[in-house]
Every structure is written in C-alpha cells, then in structure tokens.
Amino acid sequence: MNASDFDYICQLVYKRSGIVITQDKGYLIDSRLGPLARREGLPSIDDLVQVLRSRREERLMAQVVDAMTTNETFFFRDKTPFDHLKEEVLPKLSQARRGGRIRIWCAACSTGQEPYSIAMMLDQSPAIASGTVVEIVATDISDRTLEKARSGLYTQFEVQRGLPIQMLMQYFTQADEQWRIAERLRSRVSFRKLNLLESFAALGKFDVVLCRNVLIYFDQPTKTDILNRVAAQLAPDGYLMLGAAETVIGVTTMFEASRERRGLYTPSQKAVKAA
C-alpha cells in the first residue's frame with residue numbers, strides 16, 4: 001500500500017471513529033482489510049481503496065471502520081473493576097438509591113463479555129445491590145460485535161478466557177461447538193449502537209460508567225471530549241472506571257482519582273457544579 005492510500009484509510013477511520021492508526025500499526029490494515037477486500041471480490045487492499053475513493057459508498061466505508069476497530073475483550077477482564085463494583089461502588093449506590101435503580105453503562109462493550117460479567121456477578125451475589133434494580137446498558141460502534149453480543153454465543157476459547165468453570169456450567173449451555181449464555185442474563189443487558197464521537201444524551205444519566213481499554217486508541221483532544229461528555233451523563237455521586245493503562249490526569253478536570261482504588265474515578269466539584 002502506498003503512502004497516499006495509507007493516509008486515506010487512516011483519515012477515514014479517524015474521522016468516523018476517532019481511532020488513531022499510527023505508522024507502526026500498518027500491519028493491522030493488511031490483516032483486517034485483506035479479508036474485507038476478498039469478501040467484496042476485490043484482488044487486493046489497493047483495489048479496495050480505489051473503490052472507496054471513487055464510489056464513496058457508505059456501506060463499504062462503515063465496513064472498513066468496523067474492521068479496523070479492536071475488539072479484544074474477555075470475561076471478568078482485569079478482575080479489579082469487578083472487585084470495585086462488588087466491594088464499594090454497588091453497596092454505596094444501593095444505599096443511596098433505595099426504592100430506585102442503579103444504571104450502569106459499559107461503553108465500547110465489544111462482544112459483550114464485560115456487561116455479561118457484571119450480570120453474572122449480580123446473579124451470584126444479589127446482596128451487593130441490596131435489592132435495588134440494576135440496569136445494564138452496553139454500547140459499541142460495531143454492528144458485527146453487537147450482533148454477537150446480543151446472541152450471547154461464544155467459542156470454547158472465549159469462555160475459557162477469564163470465566164470460572166462453575167460459572168460456565170451454571171450460566172451457559174452448549175450449542176454445537178459453542179456456548180450460549182442463559183436468556184435470563186441476556187435479558188439483563190440492553191445493547192445499543194453508539195459512536196463515542198457522537199452525543200450521549202439519548203442514553204440518559206448513569207450511576208456507573210465503564211469506559212475501559214478504549215481511550216488508548218484516541219488522541220488527546222478526543223479523550224478529553226469523550227470524558228467531559230461522560231461526566232455530563234454521570235450522577236454527582238457516580239463512578240467512572242477506566243482501563244489499567246488509562247487515566248484522567250492531564251486529560252480532564254471533570255474527574256478525581258480514588259486514592260484507594262486504582263482505575264476508579266468520581267466526578268470533581270467542577271463536574272458537579274456543571275451538572
């Protein structure tokens with residue numbers, strides 16, 4: 001791929017998703033767009049780019065962005081955020097929301113392992129929420145991953161990553177060579193398509209936002225914009241969770257880091273005043 005075509009793909013993906021593709025990630029274009037080119041009956045990625053340039057077909061552009069999104073996830077990933085939910089976040093919120101509900105948003109949920117992990121945790125330990133209704137909303141930009149998430153169907157490899165064997169036996173049934181999560185857990189999660197570059201207003205307010213391992217793919221201005229808009233959707237006593245390699249420090253003043261719990265943040269006084 002020549003430099004002009006590489007820049008074209010990078011700009012297309014950036015404008016539509018905010019994802020930055022650097023020169024050292026060029027191999028991702030080859031590995032992810034090659035299969036797309038073949039599905040479209042095109043001999044090479046170069047031919048795919050020429051079609052994109054000439055036709056500017058919305059369907060094909062959306063498929064390119066979808067193919068270039070990273071969908072790495074697994075059940076109970078990193079464990080620490082789930083400890084935060086179980087030991088501090090949900091017990092405190094349940095006390096403050098008695099008779100109401102707690103709303104959790106899993107942003108960039110990929111194929112659904114994160115929200116389903118929360119649903120399993122709540123089913124295992126209902127006392128965490130003290131009877132308070134917990135609503136889980138999960139969003140992603142990719143139609144492909146959302147379709148898989150809604151189906152709740154996972155390969156043997158996927159259920160072996162982070163999922164305790166007792167939970168596999170309790171919550172999944174085998175479907176040919178795959179495993180399907182129980183309907184009662186699928187019904188606890190609402191999956192919606194959302195581009196993080198777009199407005200969050202239609203989602204409503206949340207008490208907990210998990211936006212983990214996605215900000216690392218954005219540049220600084222995009223990170224700041226996303227976090228500031230997350231702050232606007234978060235309750236004054238709510239919580240934000242980021243990935244282990246992510247932080248709000250130097251990015252936004254709308255959140256303060258927990259001193260005791262890594263990756264856990266609360267709205268700053270500036271955010272509360274702006275709400």
# chains A, B, ... in the order shown; residues from 1 in each chain; ligands from 1
>>> closest_atom_pairs(of="stretch 148-266 of chain A", to="stretch 9-18 of chain A", cutoff="12 Å", atoms="only C-alpha atoms", output="CSV")
residue,atom,partner,partner_atom,distance
A:Leu194,CA,A:Ser17,CA,10.2
A:Asn195,CA,A:Ser17,CA,6.7
A:Leu196,CA,A:Ser17,CA,7.3
A:Leu197,CA,A:Ser17,CA,6.6
A:Glu198,CA,A:Ser17,CA,9.4
A:Val214,CA,A:Gly18,CA,10.5
A:Leu215,CA,A:Gly18,CA,9.6
A:Ile216,CA,A:Gly18,CA,10.8
A:Tyr217,CA,A:Gly18,CA,7.8
A:Phe218,CA,A:Gly18,CA,5.8
A:Asp219,CA,A:Gly18,CA,7.7
A:Gln220,CA,A:Gly18,CA,10.5
A:Pro221,CA,A:Gly18,CA,9.9
A:Thr222,CA,A:Gly18,CA,6.8
A:Lys223,CA,A:Gly18,CA,9.1
A:Thr224,CA,A:Gly18,CA,11.9
A:Asp225,CA,A:Gly18,CA,10.8
A:Ile226,CA,A:Gly18,CA,10.1
>>> select_by_dssp(residues="stretch 2-215 of chain A", states="strand (DSSP E or B)", output="PyMOL selection string")
chain A and resi 19+101-106+133-140+153-155+172-175+178-181+189-193+206-211
>>> write_last_selection(atoms="C-alpha atoms", output="mmCIF file, in the first residue's frame")
data_model
loop_
_atom_site.group_PDB
_atom_site.id
_atom_site.type_symbol
_atom_site.label_atom_id
_atom_site.label_comp_id
_atom_site.auth_asym_id
_atom_site.auth_seq_id
_atom_site.Cartn_x
_atom_site.Cartn_y
_atom_site.Cartn_z
ATOM 1 C CA ILE A 19 -9.306 5.852 16.345
ATOM 2 C CA ARG A 101 -32.476 1.945 40.334
ATOM 3 C CA ILE A 102 -28.793 1.897 39.503
ATOM 4 C CA ARG A 103 -27.849 2.430 35.867
ATOM 5 C CA ILE A 104 -24.550 1.033 34.545
ATOM 6 C CA TRP A 105 -23.114 1.887 31.143
ATOM 7 C CA CYS A 106 -20.485 -0.333 29.522
ATOM 8 C CA VAL A 133 -32.795 -2.770 40.489
ATOM 9 C CA VAL A 134 -29.639 -2.623 38.349
ATOM 10 C CA GLU A 135 -29.966 -1.704 34.670
ATOM 11 C CA ILE A 136 -27.032 -2.511 32.378
ATOM 12 C CA VAL A 137 -26.663 -0.646 29.075
ATOM 13 C CA ALA A 138 -23.856 -1.700 26.722
ATOM 14 C CA THR A 139 -22.829 0.173 23.580
ATOM 15 C CA ASP A 140 -20.393 -0.257 20.718
ATOM 16 C CA LEU A 153 -22.881 -17.164 21.742
ATOM 17 C CA TYR A 154 -19.189 -17.764 22.427
ATOM 18 C CA THR A 155 -16.485 -20.167 21.312
ATOM 19 C CA PHE A 172 -24.081 -21.440 29.665
ATOM 20 C CA THR A 173 -25.469 -24.253 27.576
ATOM 21 C CA GLN A 174 -23.546 -25.912 24.774
ATOM 22 C CA ALA A 175 -24.730 -25.191 21.242
ATOM 23 C CA GLN A 178 -20.100 -23.073 21.036
ATOM 24 C CA TRP A 179 -21.616 -21.912 24.325
ATOM 25 C CA ARG A 180 -24.697 -19.703 24.750
ATOM 26 C CA ILE A 181 -25.249 -17.598 27.851
ATOM 27 C CA VAL A 189 -28.321 -6.258 29.280
ATOM 28 C CA SER A 190 -29.544 -3.736 26.711
ATOM 29 C CA PHE A 191 -27.179 -3.476 23.724
ATOM 30 C CA ARG A 192 -27.205 -0.332 21.582
ATOM 31 C CA LYS A 193 -25.096 1.008 18.745
ATOM 32 C CA PHE A 206 -25.864 6.830 34.682
ATOM 33 C CA ASP A 207 -24.553 5.938 38.120
ATOM 34 C CA VAL A 208 -21.591 3.911 36.849
ATOM 35 C CA VAL A 209 -19.706 4.180 33.549
ATOM 36 C CA LEU A 210 -17.128 1.605 32.485
ATOM 37 C CA CYS A 211 -15.068 3.007 29.622
#
>>> select_by_dssp(residues="stretch 78-244 of chain A", states="helix (DSSP H, G or I)", output="mmCIF file with C-alpha atoms, in the first residue's frame")
data_model
loop_
_atom_site.group_PDB
_atom_site.id
_atom_site.type_symbol
_atom_site.label_atom_id
_atom_site.label_comp_id
_atom_site.auth_asym_id
_atom_site.auth_seq_id
_atom_site.Cartn_x
_atom_site.Cartn_y
_atom_site.Cartn_z
ATOM 1 C CA THR A 80 -10.011 -5.261 39.694
ATOM 2 C CA PRO A 81 -13.019 -3.308 38.316
ATOM 3 C CA PHE A 82 -15.342 -6.111 39.384
ATOM 4 C CA ASP A 83 -13.853 -6.012 42.872
ATOM 5 C CA HIS A 84 -14.541 -2.254 42.918
ATOM 6 C CA LEU A 85 -18.149 -2.866 41.907
ATOM 7 C CA LYS A 86 -18.664 -5.610 44.450
ATOM 8 C CA GLU A 87 -16.861 -4.102 47.433
ATOM 9 C CA GLU A 88 -17.560 -0.376 47.151
ATOM 10 C CA VAL A 89 -19.458 1.007 44.176
ATOM 11 C CA LEU A 90 -22.683 -1.009 44.195
ATOM 12 C CA PRO A 91 -23.059 -1.226 48.003
ATOM 13 C CA LYS A 92 -22.734 2.566 48.303
ATOM 14 C CA LEU A 93 -25.048 3.286 45.393
ATOM 15 C CA SER A 94 -27.675 0.809 46.610
ATOM 16 C CA GLN A 95 -27.836 2.648 49.922
ATOM 17 C CA ALA A 96 -28.310 5.955 48.098
ATOM 18 C CA GLN A 113 -18.198 -10.150 27.917
ATOM 19 C CA GLU A 114 -17.940 -7.129 30.245
ATOM 20 C CA PRO A 115 -21.691 -6.465 30.726
ATOM 21 C CA TYR A 116 -22.405 -10.192 30.966
ATOM 22 C CA SER A 117 -19.696 -10.495 33.633
ATOM 23 C CA ILE A 118 -21.493 -7.810 35.651
ATOM 24 C CA ALA A 119 -24.804 -9.624 35.179
ATOM 25 C CA MET A 120 -23.252 -12.893 36.407
ATOM 26 C CA MET A 121 -21.675 -11.151 39.397
ATOM 27 C CA LEU A 122 -25.039 -9.671 40.390
ATOM 28 C CA ASP A 123 -26.752 -13.016 39.978
ATOM 29 C CA GLN A 124 -24.102 -14.701 42.127
ATOM 30 C CA PRO A 126 -27.616 -10.252 44.777
ATOM 31 C CA ALA A 127 -26.964 -8.755 48.218
ATOM 32 C CA ILE A 128 -24.387 -6.441 46.606
ATOM 33 C CA ALA A 129 -27.202 -4.220 45.360
ATOM 34 C CA ASP A 143 -22.731 -3.833 14.228
ATOM 35 C CA ARG A 144 -20.749 -7.060 13.915
ATOM 36 C CA THR A 145 -19.743 -7.232 17.569
ATOM 37 C CA LEU A 146 -23.152 -6.091 18.813
ATOM 38 C CA GLU A 147 -24.833 -8.888 16.871
ATOM 39 C CA LYS A 148 -22.553 -11.415 18.555
ATOM 40 C CA ALA A 149 -23.102 -9.802 21.971
ATOM 41 C CA ARG A 150 -26.878 -9.964 21.626
ATOM 42 C CA SER A 151 -26.707 -13.617 20.609
ATOM 43 C CA GLN A 156 -14.675 -22.585 23.599
ATOM 44 C CA PHE A 157 -11.647 -20.284 23.511
ATOM 45 C CA GLU A 158 -13.741 -17.270 24.536
ATOM 46 C CA VAL A 159 -15.393 -18.951 27.514
ATOM 47 C CA GLN A 160 -12.027 -20.230 28.713
ATOM 48 C CA ILE A 165 -15.660 -23.238 35.203
ATOM 49 C CA GLN A 166 -18.502 -23.171 37.741
ATOM 50 C CA MET A 167 -19.982 -20.106 36.035
ATOM 51 C CA LEU A 168 -19.666 -21.761 32.633
ATOM 52 C CA MET A 169 -21.660 -24.730 33.919
ATOM 53 C CA GLN A 170 -24.214 -22.538 35.680
ATOM 54 C CA TYR A 171 -24.890 -19.882 33.055
ATOM 55 C CA GLU A 183 -31.525 -15.967 28.429
ATOM 56 C CA ARG A 184 -32.152 -14.548 31.901
ATOM 57 C CA LEU A 185 -28.714 -12.922 31.769
ATOM 58 C CA ARG A 186 -29.084 -11.762 28.160
ATOM 59 C CA ALA A 201 -27.688 12.465 25.632
ATOM 60 C CA ALA A 202 -30.123 9.845 24.320
ATOM 61 C CA LEU A 203 -28.701 7.272 26.732
ATOM 62 C CA LEU A 215 -9.357 5.671 25.277
ATOM 63 C CA ILE A 216 -5.886 4.328 24.456
ATOM 64 C CA TYR A 217 -6.886 4.338 20.767
ATOM 65 C CA GLN A 220 -5.626 13.664 23.480
ATOM 66 C CA PRO A 221 -8.358 16.075 22.274
ATOM 67 C CA THR A 222 -10.709 13.153 21.572
ATOM 68 C CA LYS A 223 -10.042 11.637 25.011
ATOM 69 C CA THR A 224 -10.812 14.962 26.672
ATOM 70 C CA ASP A 225 -14.009 15.424 24.682
ATOM 71 C CA ILE A 226 -15.275 11.920 25.448
ATOM 72 C CA LEU A 227 -14.522 12.119 29.181
ATOM 73 C CA ASN A 228 -16.109 15.559 29.509
ATOM 74 C CA ARG A 229 -19.276 14.280 27.857
ATOM 75 C CA VAL A 230 -19.243 11.169 30.058
ATOM 76 C CA ALA A 231 -19.090 13.480 33.078
ATOM 77 C CA ALA A 232 -22.240 15.224 31.859
ATOM 78 C CA GLN A 233 -24.110 11.886 31.865
#
>>> residues_around(residues="stretch 53-60 of chain A", least_positions_apart="3", cutoff="12 Å", atoms="only C-alpha atoms", output="list in words")
Ser4, Asp5, Tyr8, Ile9, Leu12, Arg16, Leu33, Leu36, Ala37, Arg39, Glu40, Asp46, Asp47, Leu48, Val49, Gln50, Gln63, Val64, Val65, Asp66, Ala67 and Asp143 of chain A
>>> atom_distance(atom1="atom CA of A:Thr22", atom2="atom CA of A:Asn71")
17.8 Å
>>> residues_around(residues="A:Asp30", least_positions_apart="3", cutoff="10 Å", atoms="only C-alpha atoms", output="number ranges by chain")
A: 1, 25-27, 33-35, 44-45
>>> closest_residue(among="A:Ser142, A:Ser31, A:Asn213, A:Gln269", to="A:Leu242", atoms="only C-alpha atoms")
A:Asn213
>>> closest_residue(among="A:Leu234, A:Leu42, A:Met241, A:Leu163", to="A:Ala271", atoms="only C-alpha atoms")
A:Leu234
>>> closest_residue(among="A:Thr247, A:Ser258, A:Thr252, A:Thr73", to="A:Thr111", atoms="only C-alpha atoms")
A:Thr73
>>> atom_distance(atom1="atom CA of A:Ser199", atom2="atom CA of A:Phe6")
29.0 Å
>>> closest_residue(among="A:Arg212, A:Arg38, A:Arg98, A:Arg32", to="A:Leu264", atoms="only C-alpha atoms")
A:Arg212
>>> atom_distance(atom1="atom CA of A:Arg262", atom2="atom CA of A:Glu246")
10.3 Å
>>> closest_residue(among="A:Ala257, A:Ala182, A:Ala3, A:Val251", to="A:Gln23", atoms="only C-alpha atoms")
A:Ala3
